[in-house]
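Here the structure is laid out as structure tokens; the discussion comes afterwards.
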Amino acid sequence: MIRILSILVGLFFSLALLWSLGKGAASFISEPPAATVEQAFHKPPRELRLASDGLFGTFDKQQLQRGFQVYDEVCKACHSLRLVAFRDLKALGYNDDEVKAIAAKYQVPGVDPNTGEANTRPGRPTDFFPQPFANDIAARAANNNAIPPDLSLMTKARHDGAAYVYSLLTGFQEQPAALLKQFPDARTPAGLHYNPYFANLNLAMAPPLTADGQVTYKDGTRSTVDQMSRDVAAFLVWTAEPKLEKRKQTGWPVLGFLLFATILGNLAYRNIWRDMKH
Amino acid sequence: MSFPWANHYNPQHPFMKWMDEKLPVPRLVYNAVGSGYPVPRNLNYWWNFGFMALACLGIQIVTGVILAMHYAANGLVAFDSVEHIMRDVNWGWMLRYAHANGASAFFVVIYIHIFRGFFFGSYKAPREMVWLLGVVIFLLMMATAFMGYVLPWGQMSFWGAKVITGLFSAIPLVGEPLQQWLLGGFAPDNAALNRFFSLHYLLPFVIVGVVVLHIWALHIPGSSNPTGVEVKSESDTVPFYPYFIAKDGWTLGAFLFIYCAVLFFAPNMLGHPDNYIPANPMSTPAHIVPEWYFWPFYAILRAFTADFFFIPAKLMGVLAMFSAILVWFFLPWLDRSPVRSGWYRPMFKWFFAVLCIDVLVLGYCGGSPAAEPFVMISQIASVYYFMHFLIILPIISSIEQPLPLPFSITEAVLGKDETAASGAVAA
């Protein structure tokens, strides 16, 4: 009885599926899905090698400082870094006085101690990086109706994040003629910028790094657009996961111990089962 | 319960004797996972995954309880409280990665455990209750994992919650009110987040309770084994301690090695980048996908693209997705073959191999965008999934000619069984 019921239920689901399959296949044949412009012209990120990659990766503090300099002089005009506090910058190799000086350059929201009215004051190491815009409406108004995303977690919030940031910053270009020939309606709208590494190809952000030497690096490294893009990508790997180094350094002794314990456990297992055929 | 030749608990130390009279917990442990529990000597490595699953449950509860000390279940601060754990809580990053990857590890282990049950017929009499309780544990795990994934309140958390609770709206008449009642609103918001957190903390302890029943029900007939032949005499078994404690111990070490390798060196491998973007009801992600362990069922859900007579496609998908797991409850009565182990079932073996590939294909399709060819492939794969359990198993279990079984476990291991030869034992 249960088996007859089960066969009927099985046939019910199978027929419903075949019905869906038939209808899907029919429409697939009558109107084959056309390739979209994103499918045809979106590119995967370019390869980027960083010191923090790999099983033994550590941060290149010089590079992080350069990347911070790019953020500080270029990105921060529009992008927040709200999960990072100035005190965290000590991990980049700055000493207490340098961190204080960096914090003091930023204006953070405060309260007038005499009147209680909202005002701004210079940042302290315990403050977090401030928002560049008062609110989302102000952010949209200043940026062609797009809100510049917070960058704290950017390299973890995109597939292959660091390479994505690097590719995006170096990927602004003219729309290829082949694209306009194949998809005449896909011309980049006014105010947007073509970038094949961006999901829908057209980005509200204007190219932020446009000229070599735009940032004068304190360590004397030549600041090409490519170099600045690499450095800021490396910096954003740190902001997204400041504990990355500690994580990898902790991992090795943990794995070493587990390997040792597992081998001992295996030897104990062999010893106990020595005379027991199984 | 247990076999007549099982070792008996015999405390020597005066304190243990005193304890045994007042509260015989040591006796319980001795009989459950000690020398007092005889286990078939021929268990292979597939039988180590139950113990690993228990270890996973322990890891999840310990890391989860500590994470809950730092997490705040409020829509305004939940995302930032998780980042606070990652950045400012001592070893918080390790706890969170251990918990997130621990969920994946738990599902890997449990899927292998279920695979073992399928292939070696562990669901068959006299162990139906063990199987039924196991399916209940699996359902509780899925509910717990789903609600846990909502807690970081990232984009996938929010949209996953919206899609999954949206499934209830497919139920005729009561669907929409039911969905609103479950969420405490029209869309996932603070009310939903709060109750998900509460239930996410509650359900693991319900799982612990059902695990106790699962192990209790197992200890009545005793463990099954790769031959599927029941234990007949003392030479078929070894005491759980030290034999299987040692085997479970070293395989647990190997498991922890792989788990920690992922935890420390690729902790975001199994996650989705979109969940590092704070939940935003105004912006729908391009592809909403659940965690990998739901992919096969998600593929079945999405395979129903056309209304079937008067049943809307969405309702069909929901019915099919839940049926895909509920059908496991009926397995002991659908598969009527008296032979348990797949080794001795020439037809079942091949259909089961197809099922395994089929589920992997479904998983791949479930993780892919809802576009061709993945939809058509998942439709074909879903047909086989339901055919296998509901049509093929009942039929082949009637017509299949099983291979000859060994007389006993001892004979399977040693090639001969002295007791059998002397005819001293009546099976």
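Chain labels run A, B, ... following the order of the structure tokens; each chain numbers its residues from 1, and ligands are numbered from 1 in the order shown.
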Non-local contacts of Phe389 (chain B) (9 Å; only C-alpha atoms; under 2 positions in same chain excluded) as a list of chain:residue names: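 Residues near the query, excluding close chain neighbours: A:Ser6, A:Gly10, B:Val327, B:Trp328, B:Leu331, B:Leu334, B:Asp335, B:Tyr384, B:Tyr385, B:Phe386, B:Met387, B:Ile391, B:Ile392, B:Leu393, B:Pro394.
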Keeping only N, CA, C and O atoms, write those residues as a PDB file, in the first residue's frame.
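Final output, selection-v5.pdb:
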```pdb
ATOM      1  N   SER A   6       3.652   5.671  -2.732  1.00  0.00           N
ATOM      2  CA  SER A   6       4.936   6.325  -2.977  1.00  0.00           C
ATOM      3  C   SER A   6       5.204   6.435  -4.472  1.00  0.00           C
ATOM      4  O   SER A   6       5.688   7.464  -4.946  1.00  0.00           O
ATOM      5  N   GLY A  10       5.759   9.844  -6.460  1.00  0.00           N
ATOM      6  CA  GLY A  10       6.951   9.989  -7.298  1.00  0.00           C
ATOM      7  C   GLY A  10       6.581  10.391  -8.712  1.00  0.00           C
ATOM      8  O   GLY A  10       7.212  11.273  -9.304  1.00  0.00           O
TER       9      GLY A  10
ATOM     10  N   VAL B 327      10.719  12.623   2.578  1.00  0.00           N
ATOM     11  CA  VAL B 327      10.677  11.268   2.022  1.00  0.00           C
ATOM     12  C   VAL B 327      11.635  10.337   2.783  1.00  0.00           C
ATOM     13  O   VAL B 327      11.410   9.136   2.871  1.00  0.00           O
ATOM     14  N   TRP B 328      12.668  10.933   3.401  1.00  0.00           N
ATOM     15  CA  TRP B 328      13.609  10.106   4.156  1.00  0.00           C
ATOM     16  C   TRP B 328      12.926   9.414   5.335  1.00  0.00           C
ATOM     17  O   TRP B 328      13.338   8.339   5.751  1.00  0.00           O
ATOM     18  N   LEU B 331      11.721   6.040   4.343  1.00  0.00           N
ATOM     19  CA  LEU B 331      12.690   5.141   3.738  1.00  0.00           C
ATOM     20  C   LEU B 331      12.642   3.708   4.292  1.00  0.00           C
ATOM     21  O   LEU B 331      12.685   2.754   3.517  1.00  0.00           O
ATOM     22  N   LEU B 334       9.942   2.052   2.442  1.00  0.00           N
ATOM     23  CA  LEU B 334       9.989   2.063   0.975  1.00  0.00           C
ATOM     24  C   LEU B 334      10.988   1.035   0.457  1.00  0.00           C
ATOM     25  O   LEU B 334      10.774   0.405  -0.565  1.00  0.00           O
ATOM     26  N   ASP B 335      12.081   0.886   1.182  1.00  0.00           N
ATOM     27  CA  ASP B 335      13.104  -0.077   0.790  1.00  0.00           C
ATOM     28  C   ASP B 335      12.851  -1.364   1.556  1.00  0.00           C
ATOM     29  O   ASP B 335      13.193  -1.486   2.723  1.00  0.00           O
ATOM     30  N   TYR B 384      15.208  12.486 -11.160  1.00  0.00           N
ATOM     31  CA  TYR B 384      15.855  11.267 -10.685  1.00  0.00           C
ATOM     32  C   TYR B 384      15.796  11.175  -9.170  1.00  0.00           C
ATOM     33  O   TYR B 384      15.592  10.091  -8.610  1.00  0.00           O
ATOM     34  N   TYR B 385      15.966  12.316  -8.491  1.00  0.00           N
ATOM     35  CA  TYR B 385      15.952  12.299  -7.024  1.00  0.00           C
ATOM     36  C   TYR B 385      14.652  11.676  -6.515  1.00  0.00           C
ATOM     37  O   TYR B 385      14.659  10.772  -5.682  1.00  0.00           O
ATOM     38  N   PHE B 386      13.514  12.165  -7.051  1.00  0.00           N
ATOM     39  CA  PHE B 386      12.230  11.642  -6.563  1.00  0.00           C
ATOM     40  C   PHE B 386      11.992  10.227  -7.059  1.00  0.00           C
ATOM     41  O   PHE B 386      11.458   9.388  -6.327  1.00  0.00           O
ATOM     42  N   MET B 387      12.398   9.958  -8.309  1.00  0.00           N
ATOM     43  CA  MET B 387      12.241   8.593  -8.830  1.00  0.00           C
ATOM     44  C   MET B 387      13.008   7.605  -7.968  1.00  0.00           C
ATOM     45  O   MET B 387      12.515   6.520  -7.662  1.00  0.00           O
ATOM     46  N   ILE B 391      10.134   5.558  -6.445  1.00  0.00           N
ATOM     47  CA  ILE B 391       9.762   4.558  -7.446  1.00  0.00           C
ATOM     48  C   ILE B 391      10.813   3.448  -7.532  1.00  0.00           C
ATOM     49  O   ILE B 391      10.494   2.264  -7.428  1.00  0.00           O
ATOM     50  N   ILE B 392      12.083   3.835  -7.693  1.00  0.00           N
ATOM     51  CA  ILE B 392      13.114   2.828  -7.952  1.00  0.00           C
ATOM     52  C   ILE B 392      13.337   1.945  -6.720  1.00  0.00           C
ATOM     53  O   ILE B 392      13.334   0.713  -6.824  1.00  0.00           O
ATOM     54  N   LEU B 393      13.503   2.574  -5.553  1.00  0.00           N
ATOM     55  CA  LEU B 393      13.780   1.777  -4.350  1.00  0.00           C
ATOM     56  C   LEU B 393      12.675   0.761  -4.065  1.00  0.00           C
ATOM     57  O   LEU B 393      12.968  -0.412  -3.838  1.00  0.00           O
ATOM     58  N   PRO B 394      11.397   1.165  -4.054  1.00  0.00           N
ATOM     59  CA  PRO B 394      10.366   0.170  -3.778  1.00  0.00           C
ATOM     60  C   PRO B 394      10.380  -0.967  -4.792  1.00  0.00           C
ATOM     61  O   PRO B 394      10.124  -2.125  -4.437  1.00  0.00           O
TER      62      PRO B 394
END
```
If we count only C-alpha atoms and set the cut-off at 12 Å, which residues sit around Leu54 (chain B), ignoring sequence neighbours fewer than 2 positions away in its own chain? Please answer as a PDB file with C-alpha atoms, in the first residue's frame.
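File written: out-v2.pdb
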```
ATOM      1  CA  ASN B  48      33.474   7.342  12.574  1.00  0.00           C
ATOM      2  CA  PHE B  49      31.354  10.242  11.430  1.00  0.00           C
ATOM      3  CA  GLY B  50      28.716  10.009  14.157  1.00  0.00           C
ATOM      4  CA  PHE B  51      31.346  10.719  16.776  1.00  0.00           C
ATOM      5  CA  MET B  52      32.701  13.594  14.649  1.00  0.00           C
ATOM      6  CA  CYS B  56      30.957  19.424  15.786  1.00  0.00           C
ATOM      7  CA  LEU B  57      27.877  20.002  17.894  1.00  0.00           C
ATOM      8  CA  GLY B  58      30.147  20.601  20.868  1.00  0.00           C
ATOM      9  CA  ILE B  59      32.329  23.062  18.930  1.00  0.00           C
ATOM     10  CA  GLN B  60      29.269  24.954  17.719  1.00  0.00           C
ATOM     11  CA  ILE B  61      27.735  25.235  21.178  1.00  0.00           C
ATOM     12  CA  GLY B 102      32.071  24.831  12.107  1.00  0.00           C
ATOM     13  CA  ALA B 105      32.122  21.176   8.848  1.00  0.00           C
ATOM     14  CA  PHE B 106      29.063  19.912  10.733  1.00  0.00           C
ATOM     15  CA  PHE B 107      27.152  19.573   7.461  1.00  0.00           C
ATOM     16  CA  VAL B 109      30.220  15.330   8.492  1.00  0.00           C
ATOM     17  CA  ILE B 110      26.462  14.870   8.722  1.00  0.00           C
ATOM     18  CA  HIS B 113      26.950  10.154   8.104  1.00  0.00           C
ATOM     19  CA  ILE B 137      18.194  16.138  13.945  1.00  0.00           C
ATOM     20  CA  PRO B 204      21.072  23.512  19.471  1.00  0.00           C
ATOM     21  CA  ILE B 207      19.378  18.997  19.055  1.00  0.00           C
ATOM     22  CA  VAL B 208      21.384  17.823  22.076  1.00  0.00           C
ATOM     23  CA  VAL B 210      17.350  14.492  20.246  1.00  0.00           C
ATOM     24  CA  VAL B 211      20.976  13.331  19.930  1.00  0.00           C
ATOM     25  CA  VAL B 212      20.619  11.685  23.361  1.00  0.00           C
ATOM     26  CA  HIS B 214      19.305   9.003  18.832  1.00  0.00           C
ATOM     27  CA  ILE B 215      22.155   7.346  20.745  1.00  0.00           C
ATOM     28  CA  ASP B 248      37.246   7.718  16.869  1.00  0.00           C
ATOM     29  CA  LEU B 252      38.692  13.154  15.142  1.00  0.00           C
TER      30      LEU B 252
END
```
In region 229-407 of chain B, DSSP helix (DSSP H, G or I) residues written as a PyMOL selection string: chain B and resi 234-236+240-265+273-276+292-303+313-334+342-344+346-367+374-399
Glu372 (chain B) environment, 9 Å, only C-alpha atoms, sequence neighbours closer than 4 positions dropped, as a list of chain:residue names: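 Neighbouring residues, sequence-local ones excluded: A:Phe28, A:Pro33, B:Met376, B:Ile377.
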Residues within 10 Å of Leu213 (chain B), only C-alpha atoms, excluding chain neighbours under 5 positions, as a list in words: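 In the requested format, the answer is Met129, Val130, Leu133, Gly134, Ile207, Val208, Leu218 and His219 of chain B.
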Among listed residues A:Ser223, A:Thr155, A:Thr188, A:Ser20, nearest chain B (using only C-alpha atoms): A:Ser20
Atomic distance CA of Val339 (chain B) - CA of Asp417 (chain B), expressed in Å with one decimal: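 Here the two named atoms are 20.5 Å from each other.
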Contacts of Asp212 (chain A) within 6 Å, only C-alpha atoms, excl. fewer than 2 positions in-chain, as a PyMOL selection string: chain A and resi 214+223-225
Backbone-only DSSP, strand (DSSP E or B) members of region 93-331 of chain B, as JSON, numbers by chain: {"B": [154, 237, 238, 239, 278, 308, 311]}
Restrict the selected residues to N, CA and C atoms and save them as a tab-separated table (two decimals), in the first residue's frame.
```tsv
chain	number	residue	atom	x	y	z
B	154	GLY	N	23.99	40.72	7.09
B	154	GLY	CA	24.54	41.20	5.83
B	154	GLY	C	23.49	41.05	4.73
B	237	THR	N	32.10	-8.99	18.20
B	237	THR	CA	32.15	-7.64	18.75
B	237	THR	C	33.45	-7.38	19.49
B	238	VAL	N	33.73	-6.10	19.68
B	238	VAL	CA	34.79	-5.66	20.60
B	238	VAL	C	34.16	-4.59	21.49
B	239	PRO	N	34.70	-4.38	22.70
B	239	PRO	CA	34.15	-3.33	23.55
B	239	PRO	C	34.45	-1.95	22.96
B	278	PRO	N	26.42	45.37	4.54
B	278	PRO	CA	25.30	45.42	5.49
B	278	PRO	C	23.95	45.25	4.79
B	308	PHE	N	1.49	23.55	-12.56
B	308	PHE	CA	1.11	22.18	-12.91
B	308	PHE	C	-0.38	22.05	-12.64
B	311	ILE	N	-1.94	23.91	-9.67
B	311	ILE	CA	-1.00	24.18	-8.59
B	311	ILE	C	0.06	25.17	-9.08
```
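Proximity to chain A was assessed for B:Ser122, B:Asn275, B:Ser169, B:Ser341 counting only C-alpha atoms; the smallest distance is recorded for B:Asn275.
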Residue nearest chain A among B:Leu326, B:Leu414, B:Leu173, B:Leu405 (counting only C-alpha atoms):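 Closest to chain A of all the choices is B:Leu414.
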Non-local contacts of Thr216 (chain A) (10 Å; only C-alpha atoms; under 3 positions in same chain excluded) as a PyMOL selection string: chain A and resi 66+69-70+73+212-213+219-223
Nearest to chain A by atom-to-atom distance, counting only C-alpha atoms, from B:Val108, B:Ile288, B:Val65, B:Ala306: B:Ala306
